[in-house]
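Enquirer: Got upload_26.txt for you, compact mmCIF, C-alpha atoms:
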```
# COMPACT_ATOMS: atom_id res chain seq x y z
CA MET A 1153 11.74 -12.03 34.58
CA PRO A 1154 7.98 -11.46 35.24
CA ALA A 1155 5.66 -13.39 32.90
CA ILE A 1156 3.71 -10.26 31.98
CA PHE A 1157 6.93 -8.56 30.82
CA ILE A 1158 7.86 -11.55 28.67
CA ARG A 1159 4.39 -11.57 27.10
CA ARG A 1160 4.63 -7.86 26.35
CA ILE A 1161 8.05 -8.20 24.69
CA SER A 1162 6.79 -11.14 22.63
CA PHE A 1163 3.76 -9.15 21.55
CA LEU A 1164 5.83 -6.16 20.51
CA CYS A 1165 8.14 -8.39 18.45
CA ILE A 1166 5.15 -9.94 16.67
CA PHE A 1167 3.61 -6.51 16.10
CA PHE A 1168 6.84 -5.11 14.70
CA PHE A 1169 7.11 -8.06 12.32
CA CYS A 1170 3.57 -7.56 11.04
CA VAL A 1171 3.99 -3.81 10.58
CA CYS A 1172 7.25 -4.27 8.68
CA PHE A 1173 6.08 -7.24 6.61
CA SER A 1174 5.63 -5.12 3.51
CA GLN A 1175 7.19 -1.83 4.56
CA SER A 1176 10.73 -2.51 5.80
CA GLN A 1177 13.93 -1.72 3.93
CA PRO A 1178 15.55 -4.39 1.76
CA ALA A 1179 18.29 -6.45 3.41
CA GLU A 1180 21.77 -4.97 3.21
CA GLN A 1181 24.28 -6.60 0.83
CA LEU A 1182 28.07 -6.57 0.71
CA ILE A 1183 28.05 -5.19 -2.83
CA LYS A 1184 25.88 -2.14 -3.47
CA VAL A 1185 24.93 -0.78 -6.86
CA LEU A 1186 23.99 2.88 -6.48
CA VAL A 1187 22.16 4.62 -9.33
CA THR A 1188 21.41 8.34 -9.01
CA PRO A 1189 19.98 10.97 -11.35
CA ASP A 1190 21.67 14.35 -11.61
CA LYS A 1191 18.95 16.34 -9.83
CA SER A 1192 18.63 16.11 -6.07
CA ASP A 1193 14.82 15.90 -6.16
CA TRP A 1194 14.90 13.43 -9.08
CA THR A 1195 12.32 15.58 -10.90
CA TYR A 1196 12.56 17.00 -14.44
CA LYS A 1197 10.48 18.81 -17.02
CA PRO A 1198 9.43 16.98 -20.20
CA GLY A 1199 12.16 17.41 -22.78
CA GLU A 1200 14.83 17.99 -20.13
CA LYS A 1201 17.62 15.41 -20.25
CA VAL A 1202 18.51 13.28 -17.25
CA ARG A 1203 21.93 11.82 -16.56
CA PHE A 1204 22.25 8.71 -14.42
CA THR A 1205 25.40 7.88 -12.47
CA ILE A 1206 26.10 4.21 -11.70
CA THR A 1207 28.59 3.39 -8.94
CA VAL A 1208 29.47 0.02 -7.41
CA PHE A 1209 30.58 -0.14 -3.77
CA LYS A 1210 32.11 -2.83 -1.58
CA SER A 1211 32.48 -2.19 2.14
CA GLY A 1212 31.80 1.49 1.51
CA ALA A 1213 34.60 1.88 -1.06
CA VAL A 1214 34.23 2.17 -4.83
CA LEU A 1215 34.81 -1.22 -6.48
CA LYS A 1216 36.74 -1.02 -9.75
CA ASN A 1217 36.81 -3.22 -12.84
CA VAL A 1218 33.23 -4.43 -12.47
CA ALA A 1219 31.14 -5.85 -15.30
CA VAL A 1220 27.80 -4.02 -15.45
CA LYS A 1221 24.79 -4.06 -17.71
CA TYR A 1222 22.17 -1.33 -17.68
CA GLU A 1223 18.87 -0.45 -19.28
CA VAL A 1224 16.91 2.81 -19.43
CA GLY A 1225 13.26 3.28 -20.30
CA PRO A 1226 9.80 4.11 -18.97
CA GLU A 1227 9.09 2.12 -15.80
CA LYS A 1228 7.75 -1.41 -16.38
CA MET A 1229 8.11 -0.98 -20.16
CA ASP A 1230 10.70 -2.25 -22.65
CA PRO A 1231 13.94 -0.23 -22.37
CA ASP A 1232 14.75 2.49 -24.88
CA LYS A 1233 18.46 1.77 -24.50
CA LYS A 1234 20.64 -0.90 -22.92
CA ASP A 1235 24.28 -1.87 -22.92
CA SER A 1236 26.99 -3.85 -21.12
CA LEU A 1237 30.30 -2.36 -20.06
CA ASN A 1238 33.19 -2.60 -17.64
CA LEU A 1239 33.47 0.04 -14.94
CA SER A 1240 37.22 0.30 -14.80
CA GLY A 1241 36.98 3.18 -12.34
CA GLY A 1242 33.94 1.81 -10.54
CA THR A 1243 31.58 4.51 -11.75
CA ILE A 1244 30.06 5.93 -14.93
CA THR A 1245 27.60 8.67 -15.88
CA LEU A 1246 25.13 7.95 -18.67
CA ASP A 1247 22.94 10.11 -20.86
CA GLY A 1248 19.55 8.72 -19.88
CA GLY A 1249 17.58 10.74 -22.42
CA THR A 1250 14.24 12.34 -21.62
CA MET A 1251 10.48 11.95 -21.76
CA LYS A 1252 8.19 14.13 -23.83
CA THR A 1253 5.20 13.72 -21.54
CA ALA A 1254 4.57 13.35 -17.81
CA GLY A 1255 5.83 10.02 -16.45
CA PHE A 1256 8.80 8.17 -14.98
CA LEU A 1257 12.08 7.13 -16.63
CA ARG A 1258 13.98 4.32 -14.93
CA CYS A 1259 17.61 3.22 -15.08
CA ILE A 1260 18.32 -0.31 -13.84
CA ALA A 1261 21.93 -1.43 -13.39
CA THR A 1262 23.14 -4.95 -12.65
CA ALA A 1263 26.69 -5.68 -11.51
CA PHE A 1264 28.39 -9.08 -11.70
CA VAL A 1265 30.85 -9.80 -8.89
CA ASP A 1266 32.33 -13.18 -7.97
CA GLY A 1267 29.62 -15.09 -9.78
CA LYS A 1268 26.78 -13.17 -8.12
CA THR A 1269 24.52 -10.42 -9.41
CA TYR A 1270 23.71 -7.18 -7.61
CA ARG A 1271 21.09 -4.70 -8.73
CA GLY A 1272 20.32 -1.04 -8.28
CA LEU A 1273 17.98 1.45 -9.89
CA ALA A 1274 16.87 5.06 -9.99
CA THR A 1275 13.71 6.57 -11.44
CA ALA A 1276 13.49 10.13 -12.72
CA ALA A 1277 10.12 11.88 -12.54
CA PHE A 1278 8.85 14.09 -15.35
CA ASN A 1279 6.06 16.44 -14.22
CA PRO A 1280 4.46 13.72 -12.06
CA LEU A 1281 1.70 16.05 -10.89
CA GLN A 1282 0.49 16.25 -14.50
CA ILE A 1283 -0.05 12.49 -14.93
CA GLU A 1284 -3.65 11.75 -15.87
CA PRO A 1285 -5.50 8.45 -15.34
CA ALA A 1286 -5.97 5.86 -18.03
CA ILE A 1287 -8.80 4.01 -16.27
CA GLN A 1288 -12.41 4.45 -17.37
CA ASN A 1289 -14.71 6.37 -15.00
CA PRO A 1290 -18.07 4.52 -15.07
CA SER A 1291 -21.13 6.77 -15.21
CA ASP A 1292 -22.94 4.62 -12.63
CA PHE A 1293 -19.94 4.25 -10.29
CA VAL A 1294 -21.52 6.16 -7.40
CA SER A 1295 -24.93 4.54 -7.71
CA TYR A 1296 -23.34 1.09 -7.88
CA TRP A 1297 -21.48 1.50 -4.61
CA GLU A 1298 -24.37 3.28 -2.90
CA GLY A 1299 -26.50 0.26 -3.77
CA ALA A 1300 -23.85 -2.11 -2.41
CA LYS A 1301 -23.66 -0.20 0.86
CA ALA A 1302 -27.44 -0.21 1.16
CA GLU A 1303 -27.41 -3.99 0.85
CA LEU A 1304 -24.66 -4.19 3.46
CA ALA A 1305 -26.74 -2.14 5.88
CA THR A 1306 -29.43 -4.83 5.86
CA ILE A 1307 -27.01 -7.45 7.21
CA PRO A 1308 -26.88 -7.62 11.04
CA LEU A 1309 -23.46 -6.77 12.47
CA ASP A 1310 -23.48 -9.70 14.91
CA ALA A 1311 -20.21 -8.56 16.53
CA ARG A 1312 -18.33 -11.02 18.71
CA MET A 1313 -15.38 -10.02 20.91
CA THR A 1314 -12.95 -12.37 22.66
CA LEU A 1315 -10.48 -10.87 25.14
CA ILE A 1316 -6.85 -11.95 24.62
CA PRO A 1317 -5.47 -11.68 28.18
CA GLU A 1318 -1.87 -12.46 27.25
CA ARG A 1319 -1.77 -9.47 24.87
CA CYS A 1320 -3.41 -6.96 27.18
CA THR A 1321 -1.28 -4.34 28.90
CA GLU A 1322 -1.78 -2.12 31.93
CA LYS A 1323 -3.37 0.51 29.69
CA VAL A 1324 -5.04 -1.47 26.90
CA ASN A 1325 -7.45 -4.35 26.42
CA VAL A 1326 -6.87 -6.45 23.30
CA TYR A 1327 -9.62 -8.47 21.63
CA HIS A 1328 -9.97 -10.85 18.70
CA VAL A 1329 -13.18 -9.69 17.02
CA ASN A 1330 -15.34 -10.98 14.21
CA LEU A 1331 -18.30 -9.37 12.48
CA GLN A 1332 -20.84 -10.41 9.90
CA ASN A 1333 -19.80 -8.96 6.57
CA PHE A 1334 -21.60 -8.27 3.30
CA ARG A 1335 -23.60 -11.47 3.19
CA ALA A 1336 -25.23 -13.49 5.96
CA GLY A 1337 -22.77 -16.06 7.27
CA THR A 1338 -19.62 -14.38 5.99
CA ARG A 1339 -17.29 -13.00 8.64
CA LEU A 1340 -14.67 -10.28 8.99
CA TYR A 1341 -11.91 -10.72 11.60
CA GLY A 1342 -9.52 -8.35 13.29
CA ILE A 1343 -7.64 -7.30 16.41
CA LEU A 1344 -9.19 -4.53 18.49
CA CYS A 1345 -7.19 -2.49 21.01
CA VAL A 1346 -9.14 -0.28 23.44
CA PRO A 1347 -7.77 2.02 26.16
CA LYS A 1348 -8.77 0.73 29.62
CA LYS A 1349 -9.19 4.17 31.14
CA GLU A 1350 -12.79 5.30 31.13
CA GLY A 1351 -13.47 7.96 28.53
CA LYS A 1352 -14.26 8.70 24.89
CA TYR A 1353 -11.57 8.19 22.24
CA PRO A 1354 -10.93 8.65 18.50
CA ALA A 1355 -10.39 5.53 16.41
CA ILE A 1356 -8.15 4.25 13.62
CA LEU A 1357 -9.02 1.45 11.20
CA HIS A 1358 -5.84 -0.27 9.98
CA VAL A 1359 -6.38 -1.89 6.57
CA PRO A 1360 -3.93 -4.58 5.42
CA GLY A 1361 -1.38 -4.95 2.68
CA ALA A 1362 -1.69 -7.79 0.20
CA GLY A 1363 -1.22 -11.36 1.31
CA ILE A 1364 -2.52 -13.52 4.13
CA ARG A 1365 -1.07 -13.39 7.63
CA PRO A 1366 -1.91 -13.13 11.33
CA TYR A 1367 -2.21 -9.75 13.03
CA SER A 1368 -1.40 -8.47 16.50
CA GLY A 1369 -3.09 -5.07 16.59
CA ASP A 1370 -1.84 -1.52 17.06
CA ILE A 1371 -1.26 -1.35 20.80
CA THR A 1372 1.10 1.64 20.60
CA ASN A 1373 -1.56 4.09 19.44
CA ALA A 1374 -4.08 2.52 21.80
CA GLU A 1375 -1.78 3.30 24.73
CA ASN A 1376 -1.71 6.86 23.40
CA GLY A 1377 -5.48 7.16 23.75
CA ILE A 1378 -6.82 5.90 20.40
CA ILE A 1379 -9.05 2.90 19.71
CA THR A 1380 -7.45 0.78 16.96
CA LEU A 1381 -8.84 -2.03 14.82
CA GLN A 1382 -6.50 -3.98 12.53
CA ILE A 1383 -8.45 -6.17 10.14
CA GLY A 1384 -7.80 -9.04 7.77
CA ILE A 1385 -9.77 -9.24 4.53
CA HIS A 1386 -10.14 -12.95 3.82
CA GLY A 1387 -12.91 -13.98 6.18
CA ILE A 1388 -10.65 -16.12 8.39
CA PRO A 1389 -9.45 -15.62 11.98
CA VAL A 1390 -6.31 -13.51 12.26
CA ASN A 1391 -4.80 -15.26 15.29
CA MET A 1392 -3.94 -18.70 13.91
CA ASP A 1393 -0.58 -20.38 13.33
CA PRO A 1394 1.36 -18.61 10.53
CA MET A 1395 1.61 -21.89 8.60
CA VAL A 1396 -2.16 -21.79 8.01
CA TYR A 1397 -1.80 -18.49 6.14
CA ASN A 1398 1.22 -19.69 4.18
CA ASN A 1399 -0.74 -22.72 3.02
CA LEU A 1400 -3.72 -20.60 1.98
CA MET A 1401 -1.50 -18.16 0.10
CA SER A 1402 0.12 -21.01 -1.79
CA GLY A 1403 -3.17 -22.86 -2.31
CA ALA A 1404 -6.81 -21.83 -2.09
CA LEU A 1405 -6.20 -18.06 -2.03
CA SER A 1406 -3.27 -17.89 -4.43
CA GLY A 1407 -3.84 -14.95 -6.77
CA TYR A 1408 -7.08 -13.96 -5.01
CA TRP A 1409 -6.97 -10.57 -6.75
CA ASN A 1410 -7.95 -12.33 -10.02
CA TYR A 1411 -11.00 -14.15 -8.64
CA ASN A 1412 -14.18 -13.41 -10.63
CA LEU A 1413 -12.69 -10.38 -12.33
CA ASP A 1414 -15.20 -10.84 -15.15
CA ASP A 1415 -18.16 -10.01 -12.87
CA ARG A 1416 -18.34 -6.78 -10.88
CA ASP A 1417 -20.84 -8.27 -8.43
CA ARG A 1418 -18.74 -11.36 -7.68
CA TYR A 1419 -15.22 -9.94 -7.88
CA TYR A 1420 -13.14 -10.83 -4.80
CA TYR A 1421 -12.59 -7.24 -3.72
CA LYS A 1422 -16.30 -6.49 -3.33
CA ARG A 1423 -16.34 -8.30 0.01
CA VAL A 1424 -13.10 -6.53 0.91
CA TYR A 1425 -14.28 -2.99 0.19
CA LEU A 1426 -17.59 -3.52 1.92
CA GLY A 1427 -15.76 -5.22 4.79
CA CYS A 1428 -13.89 -1.99 5.46
CA VAL A 1429 -17.20 -0.15 5.78
CA ARG A 1430 -18.48 -2.93 8.03
CA ALA A 1431 -15.41 -2.56 10.26
CA ASN A 1432 -16.30 1.11 10.66
CA ASP A 1433 -19.87 0.12 11.56
CA PHE A 1434 -18.35 -1.75 14.47
CA LEU A 1435 -15.91 0.96 15.51
CA VAL A 1436 -18.43 3.81 15.60
CA GLY A 1437 -20.77 1.64 17.66
CA LEU A 1438 -18.27 1.11 20.46
CA PRO A 1439 -19.26 2.93 23.66
CA GLN A 1440 -15.69 4.22 24.01
CA PHE A 1441 -15.72 5.95 20.58
CA ASP A 1442 -15.89 9.73 20.73
CA GLY A 1443 -18.55 9.80 18.02
CA VAL A 1444 -16.61 11.96 15.55
CA ASN A 1445 -12.94 11.27 14.94
CA LEU A 1446 -12.37 8.22 12.74
CA GLY A 1447 -9.26 7.68 10.62
CA VAL A 1448 -8.08 4.93 8.26
CA ALA A 1449 -4.52 3.97 7.40
CA GLY A 1450 -2.59 1.38 5.41
CA GLY A 1451 0.15 0.64 2.91
CA SER A 1452 0.14 -0.97 -0.56
CA GLN A 1453 -3.15 -2.87 -0.79
CA GLY A 1454 -3.87 -1.12 2.51
CA GLY A 1455 -2.90 2.20 0.96
CA ALA A 1456 -5.56 1.54 -1.66
CA LEU A 1457 -8.11 0.47 0.95
CA SER A 1458 -7.51 3.60 3.01
CA ILE A 1459 -8.45 5.79 0.03
CA ILE A 1460 -11.36 3.54 -0.91
CA THR A 1461 -12.75 3.46 2.63
CA ALA A 1462 -12.54 7.23 2.97
CA ALA A 1463 -14.41 7.61 -0.33
CA LEU A 1464 -17.11 5.08 0.55
CA ASP A 1465 -17.71 6.06 4.16
CA THR A 1466 -18.47 9.65 5.16
CA ARG A 1467 -17.79 8.76 8.80
CA VAL A 1468 -14.04 8.72 7.99
CA LYS A 1469 -12.53 12.12 8.75
CA PHE A 1470 -8.83 11.55 7.87
CA LEU A 1471 -6.73 9.05 5.94
CA ALA A 1472 -3.07 8.07 5.70
CA SER A 1473 -1.92 6.09 2.67
CA PHE A 1474 1.45 4.58 1.77
CA TYR A 1475 2.12 3.62 -1.89
CA PRO A 1476 -1.47 2.70 -2.84
CA ALA A 1477 -1.94 -0.40 -4.99
CA LEU A 1478 -4.91 -1.04 -7.33
CA SER A 1479 -4.36 2.35 -8.98
CA ASP A 1480 -4.89 3.02 -12.70
CA LEU A 1481 -4.98 -0.69 -13.49
CA THR A 1482 -5.46 -0.28 -17.24
CA GLY A 1483 -2.38 1.88 -17.70
CA TYR A 1484 -0.71 -1.05 -19.46
CA LEU A 1485 -3.42 -1.01 -22.13
CA LYS A 1486 -2.40 2.59 -22.88
CA GLY A 1487 1.31 1.74 -23.18
CA ARG A 1488 2.46 2.72 -19.70
CA ALA A 1489 2.74 1.20 -16.22
CA GLY A 1490 -0.41 0.20 -14.37
CA GLY A 1491 -0.85 -0.50 -10.68
CA TRP A 1492 -0.47 -3.67 -8.65
CA PRO A 1493 -1.59 -6.43 -9.16
CA HIS A 1494 -0.69 -5.68 -12.79
CA LEU A 1495 -3.86 -7.27 -14.12
CA PHE A 1496 -3.23 -6.05 -17.65
CA ASP A 1497 0.56 -6.23 -18.07
CA ARG A 1498 2.10 -8.38 -20.80
CA ASN A 1499 1.89 -11.50 -18.65
CA ASN A 1500 -1.75 -11.09 -17.66
CA ALA A 1501 -3.29 -9.24 -20.59
CA PRO A 1502 -3.74 -12.41 -22.69
CA PHE A 1503 -6.16 -13.65 -20.01
CA ASN A 1504 -7.58 -10.41 -18.62
CA ASN A 1505 -7.89 -8.04 -21.56
CA THR A 1506 -11.57 -8.68 -22.15
CA LYS A 1507 -14.49 -6.27 -22.19
CA GLU A 1508 -15.94 -7.76 -19.00
CA LYS A 1509 -12.71 -7.69 -17.00
CA VAL A 1510 -11.72 -4.19 -18.09
CA SER A 1511 -15.20 -3.01 -17.14
CA THR A 1512 -15.04 -4.65 -13.69
CA ALA A 1513 -11.61 -3.14 -13.00
CA ALA A 1514 -13.04 0.36 -13.38
CA TYR A 1515 -15.44 -0.20 -10.47
CA TYR A 1516 -12.57 -1.25 -8.19
CA ASP A 1517 -9.78 1.07 -9.30
CA VAL A 1518 -8.45 3.44 -6.64
CA VAL A 1519 -8.49 6.32 -9.13
CA ASN A 1520 -12.28 6.33 -9.28
CA PHE A 1521 -12.53 6.33 -5.48
CA ALA A 1522 -9.84 9.00 -5.19
CA ARG A 1523 -12.04 11.31 -7.29
CA ARG A 1524 -14.65 11.08 -4.51
CA VAL A 1525 -12.41 11.60 -1.45
CA LYS A 1526 -13.59 14.61 0.53
CA VAL A 1527 -11.43 14.44 3.67
CA PRO A 1528 -7.84 15.47 4.39
CA GLY A 1529 -5.17 12.89 3.64
CA MET A 1530 -1.45 12.35 3.99
CA TYR A 1531 0.28 10.22 1.35
CA SER A 1532 3.79 8.84 0.97
CA LEU A 1533 5.60 7.02 -1.83
CA GLY A 1534 8.94 6.53 -3.55
CA PHE A 1535 9.94 6.77 -7.20
CA ASN A 1536 11.76 3.42 -7.16
CA ASP A 1537 8.65 1.38 -6.34
CA GLU A 1538 8.51 -1.62 -8.68
CA VAL A 1539 5.41 -3.14 -7.07
CA CYS A 1540 3.18 -0.07 -7.19
CA PRO A 1541 4.61 2.02 -10.05
CA PRO A 1542 4.67 5.74 -9.27
CA THR A 1543 2.91 6.48 -12.57
CA SER A 1544 -0.12 4.60 -11.27
CA MET A 1545 0.02 6.17 -7.83
CA TYR A 1546 0.22 9.72 -9.16
CA ALA A 1547 -2.70 8.97 -11.48
CA ALA A 1548 -4.75 8.45 -8.31
CA TYR A 1549 -3.20 11.20 -6.21
CA ASN A 1550 -3.64 13.83 -8.90
CA VAL A 1551 -7.43 13.46 -9.09
CA ILE A 1552 -7.91 14.02 -5.33
CA THR A 1553 -9.45 17.45 -4.77
CA ALA A 1554 -9.69 17.21 -0.96
CA PRO A 1555 -6.92 18.72 1.20
CA LYS A 1556 -3.84 16.57 0.67
CA GLU A 1557 -0.13 16.39 1.35
CA ILE A 1558 2.40 14.05 -0.20
CA TYR A 1559 5.69 13.02 1.38
CA VAL A 1560 8.00 11.76 -1.36
CA VAL A 1561 11.24 9.94 -0.59
CA PRO A 1562 12.48 9.30 -4.16
CA GLU A 1563 14.98 6.52 -3.48
CA THR A 1564 12.50 4.29 -1.66
CA GLY A 1565 10.80 1.41 -3.43
CA HIS A 1566 7.99 -0.67 -1.98
CA TRP A 1567 9.21 0.05 1.52
CA THR A 1568 9.50 2.97 3.90
CA TYR A 1569 12.02 4.53 6.22
CA PRO A 1570 10.98 4.80 9.89
CA GLU A 1571 10.78 8.56 9.39
CA GLN A 1572 8.07 8.10 6.75
CA ARG A 1573 5.99 5.85 8.97
CA ASP A 1574 6.42 8.23 11.91
CA LYS A 1575 5.46 11.25 9.82
CA LEU A 1576 2.18 9.75 8.59
CA ASN A 1577 1.27 8.19 11.93
CA ASN A 1578 2.00 11.41 13.84
CA TRP A 1579 -0.01 13.43 11.33
CA LEU A 1580 -2.99 11.09 11.66
CA VAL A 1581 -2.84 11.03 15.45
CA GLN A 1582 -2.61 14.82 15.62
CA GLN A 1583 -5.63 15.22 13.35
CA LEU A 1584 -7.71 12.73 15.31
CA LYS A 1585 -6.80 14.22 18.68
CA GLY A 1586 -7.00 17.85 17.52
CA GLU A 1587 -3.43 18.55 18.59
```
Here is the file; what I need is its structure written in the form of structure tokens.

Expert:
Amino acid sequence: MPAIFIRRISFLCIFFFCVCFSQSQPAEQLIKVLVTPDKSDWTYKPGEKVRFTITVFKSGAVLKNVAVKYEVGPEKMDPDKKDSLNLSGGTITLDGGTMKTAGFLRCIATAFVDGKTYRGLATAAFNPLQIEPAIQNPSDFVSYWEGAKAELATIPLDARMTLIPERCTEKVNVYHVNLQNFRAGTRLYGILCVPKKEGKYPAILHVPGAGIRPYSGDITNAENGIITLQIGIHGIPVNMDPMVYNNLMSGALSGYWNYNLDDRDRYYYKRVYLGCVRANDFLVGLPQFDGVNLGVAGGSQGGALSIITAALDTRVKFLASFYPALSDLTGYLKGRAGGWPHLFDRNNAPFNNTKEKVSTAAYYDVVNFARRVKVPGMYSLGFNDEVCPPTSMYAAYNVITAPKEIYVVPETGHWTYPEQRDKLNNWLVQQLKGE
């Protein structure tokens, strides 16, 4: 088998792994606990009762005489009701109650089979498009970030590109790049993929989900005539051995989202948000860029960064966002679910519920960037997301006044079906290429 073919297959495997790191479906299990509400779209009006059906399956058949416990209540909050029972027939339908205001009501069921536990859930939506944010909207929000961008503009880009021959294809050149970020001496790293054919092309900035990992770049869209840049956010090369990133995640960068939360000028995400703008500085300066069509895309933390980047940078023309994190962070302080990384939930509030930290959060919350988005966007989420609660995501989505479309797949959690990823990617590509 030719060496170039082997390298290409290896690259595609690595790329697929990175793309699916935070977006793939959960692993299949022998025992499945299926929880479903009694409306096909899982959506209700406040005051309307929802009924949840719990069914346990084994090898596709209903499993009888199963011990099950369940709880029902607003997502991420203490349950309003809970009980244990035996499903003699393998299924049961419960009166789940209702909600009086806009929000999400979740039923979680746990089955006990042969000494093991299996879990399923369903989340009913109550007027989700009426959910309003809990986060404060600082009066100097715009001036603060305009000042930060002005400071960034004084820092030389100092871009450095290193060709990665083993990852290049017949149609695309692949580079490991690093740029100077928001302060002299700090760097931003990523993987750039550029079509080899001479011409001018649109560009996509891929912003990452939470965590620390290597990246391989988006070669698929590059082969389709789009410049792509996939960045990391931690100021370290993105082409090292995976063990390096595992060690950092367990050690020096563990819980990075909490670093300096008491100071808006030193909070960890300031370098991240400005780094996204800096990545665009690089992209629009490439001679192959068409000068107009720039998009940004990501999921989870990347879903947040796609909205934030579009709000901060008027050069962005389109955005695609999967289940955005960092949304409506102080929801917990108002008695409802807040967004990842759950800075103010019952576990973190004893440390983070201070005037300084609550104030800083407002300058970094996706909601306050979403208010300022002015370009078309495509968004996708699921009601069963336990990482980025849908209450928090709708709090951000609902304040967007720019053209927007949301693709909801209710049963999905913090993962996507291939059809979701294809829909958002195809939409973004079509917008950028004017198709």

Enquirer: Figure out the distance between atom CA of Gly1384 of chain A and atom CA of Glu1508 of chain A, please, to one decimal in Å.

Expert: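 Distance between the two atoms: 28.0 Å.
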
Enquirer: Which polymer residues have any atom within 12 Å of an atom of segment 1232-1241 of chain A, counting all atoms listed in the file, with same-chain residues fewer than 5 positions away left out, as a ChimeraX atom specification?

Expert: /A:1185,1205-1209,1213-1227,1246-1251,1257-1265

Enquirer: Using all atoms listed in the file, what does the table of segment 1402-1514 of chain A residues within 9 Å of segment 1368-1382 of chain A look like, with each row giving the shortest atom pair and its distance in Å to one decimal, sorted by chain and ascending number, as CSV?

Expert:
```
residue,atom,partner,partner_atom,distance
A:Ala1431,CA,A:Leu1381,CA,8.0
A:Leu1435,CA,A:Leu1381,CA,7.7
A:Gln1440,CA,A:Ile1379,CA,8.0
A:Phe1441,CA,A:Ile1379,CA,7.4
```

Enquirer: Using all atoms listed in the file, which residue out of A:Thr1314, A:Glu1587, A:Ile1287, A:Gly1351 lies closest to Leu1485 of chain A?

Expert: A:Ile1287

Enquirer: For a test of reading the model, state the distance in Å between atom CA of Pro1189 of chain A and atom CA of Arg1203 of chain A, rounded to one decimal.

Expert: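 These two atoms are separated by 5.6 Å.
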
Enquirer: Give me the residues near segment 1540-1544 of chain A as an MDAnalysis selection string, where near means some atom within 9 Å (using only C-alpha atoms) and where sequence neighbours in that chain fewer than 3 positions away do not count.

Expert: chainID A and resid 1227:1228 1254:1256 1277 1280 1283 1285 1452 1475:1481 1483 1488:1494 1519 1533:1537 1547:1549 1565:1566

Enquirer: Smallest atom-to-atom distance to Tyr1341 of chain A: which of A:Pro1360, A:Gly1242, A:Pro1178, A:Gly1267, using all atoms listed in the file?

Expert: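 Among the listed residues, A:Pro1360 lies closest to Tyr1341 of chain A.
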
Enquirer: What's the separation between atom CA of Gln1332 of chain A and atom CA of Leu1344 of chain A, in Å to one decimal place?

Expert: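 These atoms are spaced 15.6 Å apart.
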
Enquirer: Considering all atoms listed in the file, state which residue in the set A:Val1436, A:Asp1417, A:Trp1567, A:Lys1349 is at the smallest distance from Val1539 of chain A.

Expert: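 Answer, going by the shortest atom-to-atom distance: A:Trp1567.
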
Enquirer: Residues near segment 1387-1396 of chain A, anyone? I mean within 8 Å using all atoms listed in the file, not counting same-chain ones fewer than 6 positions away, as a ChimeraX atom specification.

Expert: /A:1328,1330,1338-1343,1365-1368

Enquirer: Limited to C-alpha atoms, could you put the picked residues into a file as a short mmCIF file (atom, residue, chain, number, x, y, z; two decimals), in the frame of the given file?

Expert:
```
data_model
loop_
_atom_site.label_atom_id
_atom_site.label_comp_id
_atom_site.auth_asym_id
_atom_site.auth_seq_id
_atom_site.Cartn_x
_atom_site.Cartn_y
_atom_site.Cartn_z
CA HIS A 1328 -9.97 -10.85 18.70
CA ASN A 1330 -15.34 -10.98 14.21
CA THR A 1338 -19.62 -14.38 5.99
CA ARG A 1339 -17.29 -13.00 8.64
CA LEU A 1340 -14.67 -10.28 8.99
CA TYR A 1341 -11.91 -10.72 11.60
CA GLY A 1342 -9.52 -8.35 13.29
CA ILE A 1343 -7.64 -7.30 16.41
CA ARG A 1365 -1.07 -13.39 7.63
CA PRO A 1366 -1.91 -13.13 11.33
CA TYR A 1367 -2.21 -9.75 13.03
CA SER A 1368 -1.40 -8.47 16.50
#
```

Enquirer: Find the spatial neighbours of Lys1301 of chain A, counting only C-alpha atoms, within a cut-off of 10 Å - ignore same-chain residues fewer than 3 positions away - and output them as a list in words.

Expert: Ser1295, Tyr1296, Trp1297, Glu1298, Leu1304, Ala1305, Thr1306, Phe1334, Tyr1425, Leu1426, Val1429, Arg1430, Leu1464 and Asp1465 of chain A

Enquirer: Compare A:Val1448, A:Ala1501, A:Ile1307, A:Leu1182 by their minimum atom-to-atom distance to Ser1211 of chain A, counting only C-alpha atoms, and give me the closest one.

Expert: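 Between A:Val1448, A:Ala1501, A:Ile1307, A:Leu1182, the residue approaching Ser1211 of chain A most closely is A:Leu1182.
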
Enquirer: Calculated over all atoms listed in the file, which of the candidates A:Glu1303, A:Asp1190, A:Glu1180, A:Asp1415 has the smallest distance to Thr1512 of chain A?

Expert: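 When distances to Thr1512 of chain A are compared using all atoms listed in the file, the smallest one comes from A:Asp1415.
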